[in-house]
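For reference, model21.pdb (PDB, C-alpha atoms):
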MODEL        1
ATOM      1  CA  MET A   1     -22.304  14.877 -33.942
ATOM      2  CA  LEU A   2     -24.585  17.524 -35.368
ATOM      3  CA  PRO A   3     -21.993  18.833 -37.896
ATOM      4  CA  ALA A   4     -21.449  15.274 -39.087
ATOM      5  CA  THR A   5     -25.190  14.834 -39.444
ATOM      6  CA  PHE A   6     -25.478  17.861 -41.678
ATOM      7  CA  LYS A   7     -22.547  16.600 -43.781
ATOM      8  CA  LEU A   8     -24.537  13.424 -44.307
ATOM      9  CA  CYS A   9     -27.537  15.480 -45.397
ATOM     10  CA  ALA A  10     -25.368  17.556 -47.728
ATOM     11  CA  ALA A  11     -24.026  14.395 -49.304
ATOM     12  CA  ILE A  12     -27.449  13.222 -50.425
ATOM     13  CA  SER A  13     -27.898  16.421 -52.378
ATOM     14  CA  TYR A  14     -25.538  14.946 -54.967
ATOM     15  CA  GLN A  15     -27.400  12.962 -57.596
ATOM     16  CA  HIS A  16     -25.044   9.968 -57.550
ATOM     17  CA  LEU A  17     -25.536   9.543 -53.772
ATOM     18  CA  ARG A  18     -29.238  10.385 -53.622
ATOM     19  CA  ASN A  19     -30.293   6.957 -54.813
ATOM     20  CA  VAL A  20     -28.057   4.962 -52.452
ATOM     21  CA  THR A  21     -30.362   2.566 -50.619
ATOM     22  CA  GLY A  22     -31.136   3.712 -47.090
ATOM     23  CA  LEU A  23     -28.941   6.814 -47.178
ATOM     24  CA  ARG A  24     -31.764   9.359 -47.304
ATOM     25  CA  ARG A  25     -33.630   7.617 -44.515
ATOM     26  CA  GLN A  26     -30.430   7.421 -42.436
ATOM     27  CA  ALA A  27     -30.063  11.190 -42.789
ATOM     28  CA  ALA A  28     -33.647  11.807 -41.696
ATOM     29  CA  VAL A  29     -33.314   9.551 -38.651
ATOM     30  CA  ALA A  30     -30.007  11.182 -37.671
ATOM     31  CA  ILE A  31     -31.548  14.654 -37.797
ATOM     32  CA  SER A  32     -34.452  13.537 -35.637
ATOM     33  CA  GLN A  33     -32.126  12.053 -33.009
ATOM     34  CA  GLU A  34     -29.927  15.143 -32.840
ATOM     35  CA  LEU A  35     -32.912  17.457 -32.525
ATOM     36  CA  SER A  36     -34.247  15.340 -29.678
ATOM     37  CA  LYS A  37     -30.952  15.794 -27.806
ATOM     38  CA  LEU A  38     -31.024  19.550 -28.355
ATOM     39  CA  SER A  39     -34.589  19.741 -27.145
ATOM     40  CA  CYS A  40     -33.748  17.825 -23.941
ATOM     41  CA  HIS A  41     -30.742  20.014 -23.075
ATOM     42  CA  SER A  42     -32.477  23.278 -23.869
ATOM     43  CA  ALA A  43     -33.386  25.508 -20.901
ATOM     44  CA  GLY A  44     -36.830  26.105 -22.298
ATOM     45  CA  PRO A  45     -39.065  24.858 -25.069
ATOM     46  CA  SER A  46     -37.746  25.597 -28.545
ATOM     47  CA  THR A  47     -40.418  26.269 -31.143
ATOM     48  CA  TRP A  48     -38.128  25.911 -34.124
ATOM     49  CA  ILE A  49     -36.809  22.547 -32.916
ATOM     50  CA  SER A  50     -40.353  21.259 -32.520
ATOM     51  CA  GLN A  51     -41.272  22.439 -35.997
ATOM     52  CA  VAL A  52     -38.203  20.894 -37.612
ATOM     53  CA  ARG A  53     -38.764  17.643 -35.741
ATOM     54  CA  ARG A  54     -42.272  17.420 -37.123
ATOM     55  CA  ARG A  55     -41.004  18.074 -40.632
ATOM     56  CA  SER A  56     -38.185  15.555 -40.147
ATOM     57  CA  SER A  57     -40.672  12.915 -39.012
ATOM     58  CA  LEU A  58     -42.796  13.606 -42.074
ATOM     59  CA  LEU A  59     -39.729  13.345 -44.313
ATOM     60  CA  SER A  60     -38.737  10.041 -42.733
ATOM     61  CA  SER A  61     -42.200   8.574 -43.315
ATOM     62  CA  ARG A  62     -42.194   9.723 -46.923
ATOM     63  CA  LEU A  63     -38.796   8.120 -47.526
ATOM     64  CA  GLU A  64     -40.345   4.804 -46.489
ATOM     65  CA  GLU A  65     -42.650   4.988 -49.514
ATOM     66  CA  LYS A  66     -41.628   2.888 -52.476
ATOM     67  CA  PRO A  67     -40.657   4.828 -55.601
ATOM     68  CA  PHE A  68     -43.008   4.542 -58.562
ATOM     69  CA  SER A  69     -42.112   2.224 -61.398
ATOM     70  CA  GLU A  70     -41.899   3.464 -64.967
ATOM     71  CA  MET A  71     -45.355   2.072 -65.702
ATOM     72  CA  GLU A  72     -46.846   3.666 -62.592
ATOM     73  CA  MET A  73     -45.352   7.021 -63.540
ATOM     74  CA  SER A  74     -46.905   6.593 -66.980
ATOM     75  CA  TYR A  75     -50.338   6.124 -65.392
ATOM     76  CA  ILE A  76     -49.854   9.198 -63.210
ATOM     77  CA  LYS A  77     -48.908  11.275 -66.243
ATOM     78  CA  GLN A  78     -51.909   9.970 -68.202
ATOM     79  CA  GLY A  79     -54.241  10.950 -65.370
ATOM     80  CA  GLU A  80     -52.722  14.406 -65.151
ATOM     81  CA  GLU A  81     -53.016  14.808 -68.928
ATOM     82  CA  ALA A  82     -56.709  13.864 -68.785
ATOM     83  CA  LEU A  83     -57.267  16.388 -66.005
ATOM     84  CA  GLN A  84     -55.534  19.257 -67.796
ATOM     85  CA  LYS A  85     -57.228  18.590 -71.144
ATOM     86  CA  SER A  86     -60.667  18.278 -69.534
ATOM     87  CA  LEU A  87     -60.341  21.508 -67.590
ATOM     88  CA  SER A  88     -59.135  23.261 -70.731
ATOM     89  CA  ILE A  89     -62.236  22.095 -72.635
ATOM     90  CA  LEU A  90     -64.603  23.113 -69.843
ATOM     91  CA  GLY A  91     -62.838  26.446 -69.486
ATOM     92  CA  ASP A  92     -63.703  27.460 -73.048
ATOM     93  CA  GLN A  93     -67.301  28.694 -72.890
ATOM     94  CA  GLU A  94     -67.634  29.299 -76.636
ATOM     95  CA  GLY A  95     -69.389  26.968 -79.057
ATOM     96  CA  TRP A  96     -71.542  24.898 -76.707
ATOM     97  CA  LYS A  97     -74.973  23.885 -78.039
ATOM     98  CA  THR A  98     -77.937  22.652 -76.000
ATOM     99  CA  GLU A  99     -78.764  18.966 -76.424
ATOM    100  CA  THR A 100     -81.266  18.382 -73.611
ATOM    101  CA  VAL A 101     -82.945  20.424 -70.884
ATOM    102  CA  VAL A 102     -84.900  18.624 -68.162
ATOM    103  CA  ASP A 103     -87.770  20.174 -66.187
ATOM    104  CA  ASN A 104     -85.712  20.152 -62.985
ATOM    105  CA  GLY A 105     -83.018  22.313 -64.588
ATOM    106  CA  ASP A 106     -80.573  19.584 -65.576
ATOM    107  CA  LYS A 107     -79.073  20.240 -68.991
ATOM    108  CA  VAL A 108     -76.727  18.606 -71.450
ATOM    109  CA  LEU A 109     -74.632  20.689 -73.814
ATOM    110  CA  SER A 110     -72.388  19.510 -76.632
ATOM    111  CA  LYS A 111     -69.469  20.754 -78.668
ATOM    112  CA  VAL A 112     -67.365  19.410 -81.532
ATOM    113  CA  LEU A 113     -63.603  19.668 -81.058
ATOM    114  CA  PRO A 114     -61.133  19.130 -83.929
ATOM    115  CA  ASP A 115     -58.807  16.787 -82.046
ATOM    116  CA  VAL A 116     -61.371  15.041 -79.835
ATOM    117  CA  GLY A 117     -64.701  14.879 -81.643
ATOM    118  CA  LYS A 118     -68.059  15.528 -80.032
ATOM    119  CA  VAL A 119     -68.050  16.036 -76.280
ATOM    120  CA  PHE A 120     -71.002  16.345 -73.906
ATOM    121  CA  ARG A 121     -71.343  18.499 -70.807
ATOM    122  CA  LEU A 122     -73.857  17.767 -68.062
ATOM    123  CA  GLU A 123     -74.664  20.508 -65.552
ATOM    124  CA  VAL A 124     -76.762  19.630 -62.502
ATOM    125  CA  VAL A 125     -77.274  20.531 -58.859
ATOM    126  CA  VAL A 126     -77.377  17.711 -56.280
ATOM    127  CA  ASP A 127     -79.121  18.357 -52.956
ATOM    128  CA  GLN A 128     -76.238  16.928 -50.942
ATOM    129  CA  PRO A 129     -72.990  18.480 -49.647
ATOM    130  CA  LEU A 130     -69.840  18.088 -51.701
ATOM    131  CA  ASP A 131     -68.120  15.627 -49.350
ATOM    132  CA  ALA A 132     -71.066  13.224 -49.564
ATOM    133  CA  VAL A 133     -71.159  13.342 -53.373
ATOM    134  CA  TYR A 134     -67.387  12.959 -53.603
ATOM    135  CA  SER A 135     -67.452   9.960 -51.269
ATOM    136  CA  GLU A 136     -70.138   8.263 -53.355
ATOM    137  CA  LEU A 137     -68.337   8.805 -56.664
ATOM    138  CA  VAL A 138     -64.783   8.077 -55.467
ATOM    139  CA  ASP A 139     -64.728   6.101 -52.214
ATOM    140  CA  ASN A 140     -67.716   3.951 -53.238
ATOM    141  CA  MET A 141     -66.780   3.751 -56.918
ATOM    142  CA  GLU A 142     -67.042  -0.035 -57.104
ATOM    143  CA  GLN A 143     -70.645   0.142 -55.882
ATOM    144  CA  MET A 144     -71.806   2.191 -58.869
ATOM    145  CA  GLY A 145     -73.323  -0.872 -60.501
ATOM    146  CA  ASP A 146     -75.720  -1.105 -57.544
ATOM    147  CA  TRP A 147     -77.493   2.144 -58.409
ATOM    148  CA  ASN A 148     -76.632   3.108 -61.983
ATOM    149  CA  PRO A 149     -78.537   0.887 -64.461
ATOM    150  CA  SER A 150     -76.095   1.827 -67.240
ATOM    151  CA  VAL A 151     -73.204   0.235 -65.350
ATOM    152  CA  GLN A 152     -72.816  -3.474 -64.742
ATOM    153  CA  GLU A 153     -69.567  -3.326 -62.816
ATOM    154  CA  VAL A 154     -66.686  -1.045 -61.884
ATOM    155  CA  LYS A 155     -63.562  -2.814 -60.684
ATOM    156  CA  ILE A 156     -60.357  -1.183 -59.433
ATOM    157  CA  LEU A 157     -57.438  -2.971 -61.101
ATOM    158  CA  GLN A 158     -54.614  -0.994 -59.517
ATOM    159  CA  LYS A 159     -53.950   1.947 -57.222
ATOM    160  CA  VAL A 160     -50.985   4.223 -57.866
ATOM    161  CA  GLY A 161     -50.258   6.542 -54.980
ATOM    162  CA  LYS A 162     -53.172   8.330 -53.354
ATOM    163  CA  ASP A 163     -54.776   9.987 -56.368
ATOM    164  CA  THR A 164     -54.508   7.591 -59.336
ATOM    165  CA  LEU A 165     -56.510   4.470 -60.150
ATOM    166  CA  ILE A 166     -56.790   2.081 -63.075
ATOM    167  CA  THR A 167     -60.305   0.699 -63.433
ATOM    168  CA  HIS A 168     -62.311  -1.662 -65.605
ATOM    169  CA  GLU A 169     -65.908  -0.648 -66.294
ATOM    170  CA  THR A 170     -68.519  -2.848 -67.904
ATOM    171  CA  ALA A 171     -71.642  -1.319 -69.407
ATOM    172  CA  ALA A 172     -74.891  -3.005 -68.440
ATOM    173  CA  ALA A 173     -76.898  -4.925 -71.022
ATOM    174  CA  VAL A 174     -80.044  -2.805 -71.121
ATOM    175  CA  PRO A 175     -83.062  -4.335 -72.936
ATOM    176  CA  GLY A 176     -83.703  -2.570 -76.224
ATOM    177  CA  ASN A 177     -80.270  -0.929 -76.223
ATOM    178  CA  ILE A 178     -78.915  -1.266 -79.755
ATOM    179  CA  VAL A 179     -75.424  -0.134 -78.750
ATOM    180  CA  GLY A 180     -74.448  -3.565 -77.463
ATOM    181  CA  PRO A 181     -72.027  -4.618 -74.686
ATOM    182  CA  ARG A 182     -69.061  -2.298 -74.153
ATOM    183  CA  ASP A 183     -66.267  -2.176 -71.638
ATOM    184  CA  PHE A 184     -63.533   0.322 -70.779
ATOM    185  CA  VAL A 185     -60.137   0.318 -69.117
ATOM    186  CA  SER A 186     -59.439   3.755 -67.688
ATOM    187  CA  VAL A 187     -56.878   5.649 -65.686
ATOM    188  CA  ARG A 188     -58.517   8.022 -63.208
ATOM    189  CA  CYS A 189     -57.095  10.748 -61.021
ATOM    190  CA  SER A 190     -58.645  12.966 -58.394
ATOM    191  CA  ARG A 191     -57.574  16.421 -57.280
ATOM    192  CA  ARG A 192     -58.949  18.750 -54.640
ATOM    193  CA  ARG A 193     -58.244  22.445 -54.971
ATOM    194  CA  GLY A 194     -59.788  24.381 -52.141
ATOM    195  CA  SER A 195     -63.529  23.759 -52.252
ATOM    196  CA  THR A 196     -63.410  22.268 -55.783
ATOM    197  CA  CYS A 197     -62.924  18.578 -56.563
ATOM    198  CA  VAL A 198     -61.952  17.314 -60.005
ATOM    199  CA  LEU A 199     -62.235  13.652 -61.035
ATOM    200  CA  ALA A 200     -60.617  13.063 -64.429
ATOM    201  CA  GLY A 201     -59.896  10.066 -66.617
ATOM    202  CA  MET A 202     -59.084   8.620 -70.004
ATOM    203  CA  SER A 203     -58.643   5.240 -71.650
ATOM    204  CA  THR A 204     -55.495   3.245 -71.015
ATOM    205  CA  LYS A 205     -54.198  -0.317 -71.178
ATOM    206  CA  HIS A 206     -53.535  -2.724 -68.337
ATOM    207  CA  GLY A 207     -52.009  -6.168 -68.425
ATOM    208  CA  ALA A 208     -54.596  -7.581 -66.037
ATOM    209  CA  MET A 209     -57.485  -6.691 -68.349
ATOM    210  CA  PRO A 210     -57.022  -7.553 -72.037
ATOM    211  CA  GLU A 211     -60.014  -7.278 -74.378
ATOM    212  CA  GLN A 212     -62.856  -9.477 -73.133
ATOM    213  CA  GLN A 213     -64.823 -11.933 -75.220
ATOM    214  CA  GLY A 214     -68.336 -10.694 -75.903
ATOM    215  CA  PHE A 215     -67.458  -7.020 -75.333
ATOM    216  CA  ILE A 216     -66.312  -4.257 -77.632
ATOM    217  CA  ARG A 217     -63.484  -2.316 -75.965
ATOM    218  CA  ALA A 218     -64.631   1.295 -76.213
ATOM    219  CA  GLU A 219     -62.478   4.334 -75.453
ATOM    220  CA  ASN A 220     -63.177   7.394 -73.358
ATOM    221  CA  GLY A 221     -61.472  10.632 -72.528
ATOM    222  CA  PRO A 222     -60.529  13.121 -71.786
ATOM    223  CA  THR A 223     -63.423  13.117 -69.359
ATOM    224  CA  CYS A 224     -63.956  14.602 -65.907
ATOM    225  CA  MET A 225     -66.411  15.566 -63.209
ATOM    226  CA  VAL A 226     -66.057  18.875 -61.395
ATOM    227  CA  LEU A 227     -67.714  19.196 -57.981
ATOM    228  CA  ARG A 228     -68.064  22.460 -56.085
ATOM    229  CA  PRO A 229     -70.446  23.797 -53.438
ATOM    230  CA  LEU A 230     -73.372  25.677 -54.945
ATOM    231  CA  ALA A 231     -72.844  29.405 -54.502
ATOM    232  CA  GLY A 232     -74.861  30.591 -51.519
ATOM    233  CA  SER A 233     -75.926  27.052 -50.594
ATOM    234  CA  PRO A 234     -73.027  24.907 -49.304
ATOM    235  CA  SER A 235     -75.390  22.016 -48.546
ATOM    236  CA  GLN A 236     -75.853  21.550 -52.312
ATOM    237  CA  THR A 237     -73.295  20.544 -54.927
ATOM    238  CA  LYS A 238     -72.865  21.817 -58.470
ATOM    239  CA  LEU A 239     -71.770  18.898 -60.643
ATOM    240  CA  THR A 240     -70.373  19.322 -64.153
ATOM    241  CA  TRP A 241     -69.592  16.165 -66.128
ATOM    242  CA  LEU A 242     -67.550  16.305 -69.327
ATOM    243  CA  LEU A 243     -68.091  13.132 -71.359
ATOM    244  CA  SER A 244     -66.048  12.086 -74.385
ATOM    245  CA  ILE A 245     -66.498   8.526 -75.655
ATOM    246  CA  ASP A 246     -65.732   6.534 -78.761
ATOM    247  CA  LEU A 247     -68.054   3.536 -78.602
ATOM    248  CA  LYS A 248     -66.365   1.845 -81.571
ATOM    249  CA  GLY A 249     -68.291  -0.446 -83.879
ATOM    250  CA  TRP A 250     -70.587   0.541 -86.765
ATOM    251  CA  LEU A 251     -73.069   2.881 -85.111
ATOM    252  CA  PRO A 252     -74.690   5.950 -86.694
ATOM    253  CA  LYS A 253     -73.554   9.176 -85.026
ATOM    254  CA  THR A 254     -77.143  10.305 -84.483
ATOM    255  CA  ILE A 255     -77.816   7.221 -82.353
ATOM    256  CA  ILE A 256     -74.548   7.619 -80.438
ATOM    257  CA  ASN A 257     -75.294  11.259 -79.645
ATOM    258  CA  GLN A 258     -78.775  10.415 -78.405
ATOM    259  CA  VAL A 259     -77.499   7.569 -76.230
ATOM    260  CA  LEU A 260     -74.705   9.606 -74.644
ATOM    261  CA  SER A 261     -76.810  12.644 -73.778
ATOM    262  CA  GLN A 262     -79.532  10.405 -72.310
ATOM    263  CA  THR A 263     -76.895   8.483 -70.346
ATOM    264  CA  GLN A 264     -75.854  11.716 -68.634
ATOM    265  CA  VAL A 265     -79.437  12.686 -67.801
ATOM    266  CA  ASP A 266     -80.127   9.215 -66.395
ATOM    267  CA  PHE A 267     -76.916   9.312 -64.368
ATOM    268  CA  ALA A 268     -78.012  12.508 -62.608
ATOM    269  CA  LYS A 269     -81.411  11.028 -61.803
ATOM    270  CA  HIS A 270     -80.014   7.812 -60.348
ATOM    271  CA  LEU A 271     -77.264   9.625 -58.443
ATOM    272  CA  ARG A 272     -79.885  11.765 -56.707
ATOM    273  CA  GLN A 273     -81.888   8.683 -55.799
ATOM    274  CA  ARG A 274     -78.789   6.994 -54.411
ATOM    275  CA  MET A 275     -77.798  10.051 -52.380
ATOM    276  CA  ALA A 276     -81.320  10.458 -51.016
ATOM    277  CA  ARG A 277     -81.398   6.830 -49.841
ATOM    278  CA  ALA A 278     -77.969   7.197 -48.248
ATOM    279  CA  ALA A 279     -79.103  10.364 -46.424
ATOM    280  CA  GLU A 280     -82.197   8.564 -45.134
ATOM    281  CA  CYS A 281     -80.078   5.688 -43.824
ATOM    282  CA  THR A 282     -77.751   8.118 -42.092
ATOM    283  CA  GLY A 283     -80.740   9.824 -40.497
ATOM    284  CA  CYS A 284     -82.030   6.482 -39.218
ATOM    285  CA  HIS A 285     -78.778   5.899 -37.344
TER     286      HIS A 285
ENDMDL
END

Serialized structure, structure tokens:
Amino acid sequence: MLPATFKLCAAISYQHLRNVTGLRRQAAVAISQELSKLSCHSAGPSTWISQVRRRSSLLSSRLEEKPFSEMEMSYIKQGEEALQKSLSILGDQEGWKTETVVDNGDKVLSKVLPDVGKVFRLEVVVDQPLDAVYSELVDNMEQMGDWNPSVQEVKILQKVGKDTLITHETAAAVPGNIVGPRDFVSVRCSRRRGSTCVLAGMSTKHGAMPEQQGFIRAENGPTCMVLRPLAGSPSQTKLTWLLSIDLKGWLPKTIINQVLSQTQVDFAKHLRQRMARAAECTGCH
């Protein structure tokens, strides 16, 4: 039976057979069954059989996953593009100018790029471990309107795989804010590389969220947040936020630049307050 099983596995290596419904899963199940028989008849425990069985089980579970549609693949590619472009911008240390420096050390830098326009870079340290900050920004994304006065609502429109989301964000109507109501539809992706987390995004389109009456559909991206433990102090997190936004409408650039840099400073302040309250609640329990 085992030779026949491997013939089945060899068959699915051909492109015209690889997409036959159920064939790949049938191969994975067959391998698992044969390895179970070998393990039972073996005089002693076989390490390699155990390892292959684990891998076969993992393969079988992955084959149960539905393949991505063309649109879903497009969203995944957009997210990856936003991530690569953002990291490329942050990786170039030349040409950054200081916009704002706060007493606590927070600072906003800016840079004009030929193909993007003016981008802003926030650099702060949050007195919370990376996992806690990541959870707040990613797992609790839809709660951002509860603590960030600049945000009215964040709604997840669609999830694609484990790392890609399409979201709709509505800017809050702040008294005295001359910018006016804006909203965004964005594709977001998250990646974790060792002790560094990257959250990237850019504007996209989604059938469930056409342009809304009363809002100007602004565009953002490439944009990203990079989180890493502060060197020498793993209980603190270094956060770098690259912001690139086209607010649309007839707004003077001087006003836009002032609003965006202040938005980043305010974000850091409110994030710290949110994290501090969450830490206090955790301590109470």

**OP:** For a cut-off of 12 Å around (-56.4, 12.7, -81.0), file coordinates, pick out all residues using all atoms listed in the file and list them as JSON, numbers by chain.
**Re:** {"A": [85, 113, 114, 115, 116, 117, 219, 220, 221, 222, 244, 246]}

Original post:
If you count all atoms listed in the file, which residues fall within 10 Å of Ser203 (chain A), apart from same-chain ones fewer than 3 positions away, as a list in words?
Top reply: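 Using all atoms listed in the file, the neighbours found are Gln78, Gly79, Ala82, Ile166, Thr167, His168, Phe184, Val185, Ser186, Val187, Arg188, Arg217, Ala218, Glu219, Asn220, Gly221, Pro222, Thr223 and Ile245 of chain A.
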
Export of prior selection with C-alpha atoms as a tab-separated table (two decimals), in the coordinates of the input:
chain	number	residue	atom	x	y	z
A	78	GLN	CA	-51.91	9.97	-68.20
A	79	GLY	CA	-54.24	10.95	-65.37
A	82	ALA	CA	-56.71	13.86	-68.78
A	166	ILE	CA	-56.79	2.08	-63.08
A	167	THR	CA	-60.30	0.70	-63.43
A	168	HIS	CA	-62.31	-1.66	-65.60
A	184	PHE	CA	-63.53	0.32	-70.78
A	185	VAL	CA	-60.14	0.32	-69.12
A	186	SER	CA	-59.44	3.76	-67.69
A	187	VAL	CA	-56.88	5.65	-65.69
A	188	ARG	CA	-58.52	8.02	-63.21
A	217	ARG	CA	-63.48	-2.32	-75.96
A	218	ALA	CA	-64.63	1.30	-76.21
A	219	GLU	CA	-62.48	4.33	-75.45
A	220	ASN	CA	-63.18	7.39	-73.36
A	221	GLY	CA	-61.47	10.63	-72.53
A	222	PRO	CA	-60.53	13.12	-71.79
A	223	THR	CA	-63.42	13.12	-69.36
A	245	ILE	CA	-66.50	8.53	-75.66

**OP:** Expand the PyMOL selection byres ((chain A and resi 155) around 9) into the individual residues it matches in the shown file, reporting them as a PyMOL selection string.
**Re:** chain A and resi 141-142+153-154+156-157+166-170

**OP:** Grab the CA of Leu251 (chain A) to CA of Leu122 (chain A) distance for me, in Å with one decimal place.
**Re:**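 Between CA of Leu251 (chain A) and CA of Leu122 (chain A) the gap is 22.6 Å.
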
Subject >> Best match for closeness to Leu199 (chain A) among A:Ser235, A:Asn148, A:Thr240, A:Thr254, counting all atoms listed in the file >> reply: A:Thr240

**OP:** Can you turn the PyMOL selection byres ((chain A and resi 112) around 12) into a concrete residue list for this file, as a ChimeraX atom specification?
**Re:** /A:89,94-97,109-111,113-121,243-244,257

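When the PyMOL selection byres ((chain A and resi 275) around 10) is evaluated against the file, it yields Val126, Asp127, Gln128, Ala132, Val133, Glu136, Trp147, His270, Leu271, Arg272, Gln273, Arg274, Ala276, Arg277, Ala278, Ala279, Glu280 and Cys281 of chain A.
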
Subject >> Å distance separating CA of Gln236 (chain A) from CA of Pro129 (chain A), one decimal place >> reply: 5.0 Å

**OP:** Grab the CA of Pro149 (chain A) to CA of Lys248 (chain A) distance for me, in Å with one decimal place.
**Re:** 21.0 Å

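Shortest separation to Val138 (chain A) among A:Ala171, A:Ile76, A:Leu227, A:Leu83 occurs at residue A:Leu227, atoms counted being all atoms listed in the file.
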
Six-sided padding of 3 Å per side, axis-aligned box over region 83-102 of chain A, centre and edges in Å, one decimal, as JSON:
{"center_x": -70.2, "center_y": 22.8, "center_z": -72.5, "size_x": 35.4, "size_y": 18.9, "size_z": 19.1}

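Look at region 206-216 of chain A: the protein and nucleic acid residues within 7 Å of it, using all atoms listed in the file and passing over chain neighbours fewer than 4 places away, are Pro181, Arg182 and Asp183 of chain A.
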
Subject >> Which of A:Gln262, A:Gln158, A:Gln93, A:Thr164 sits closest to Met202 (chain A) [using all atoms listed in the file] >> reply: A:Thr164

**OP:** Compute the distance from (-76.4, 12.3, -65.8) to each atom, counting all atoms listed in the file, keep the residues with any atom at most 9 Å away, and return them as a list in words; use the coordinates of the file.
**Re:**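 Counting all atoms listed in the file, I find these residues within 9 Å of (-76.4, 12.3, -65.8): Asp106, Lys107, Val108, Leu122, Glu123, Val124, Trp241, Ser261, Gln262, Thr263, Gln264, Val265, Asp266, Phe267, Ala268, Lys269, His270 and Leu271 of chain A.
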
I want to know what sits within 7 Å of Ala172 (chain A), based on only C-alpha atoms, with residues of the same chain fewer than 5 positions away left out; could you give that as a CSV table (one decimal) with C-alpha atoms, in the coordinates of the input?
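Result file result30.csv:
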chain,number,residue,atom,x,y,z
A,149,PRO,CA,-78.5,0.9,-64.5
A,150,SER,CA,-76.1,1.8,-67.2
A,151,VAL,CA,-73.2,0.2,-65.4
A,152,GLN,CA,-72.8,-3.5,-64.7
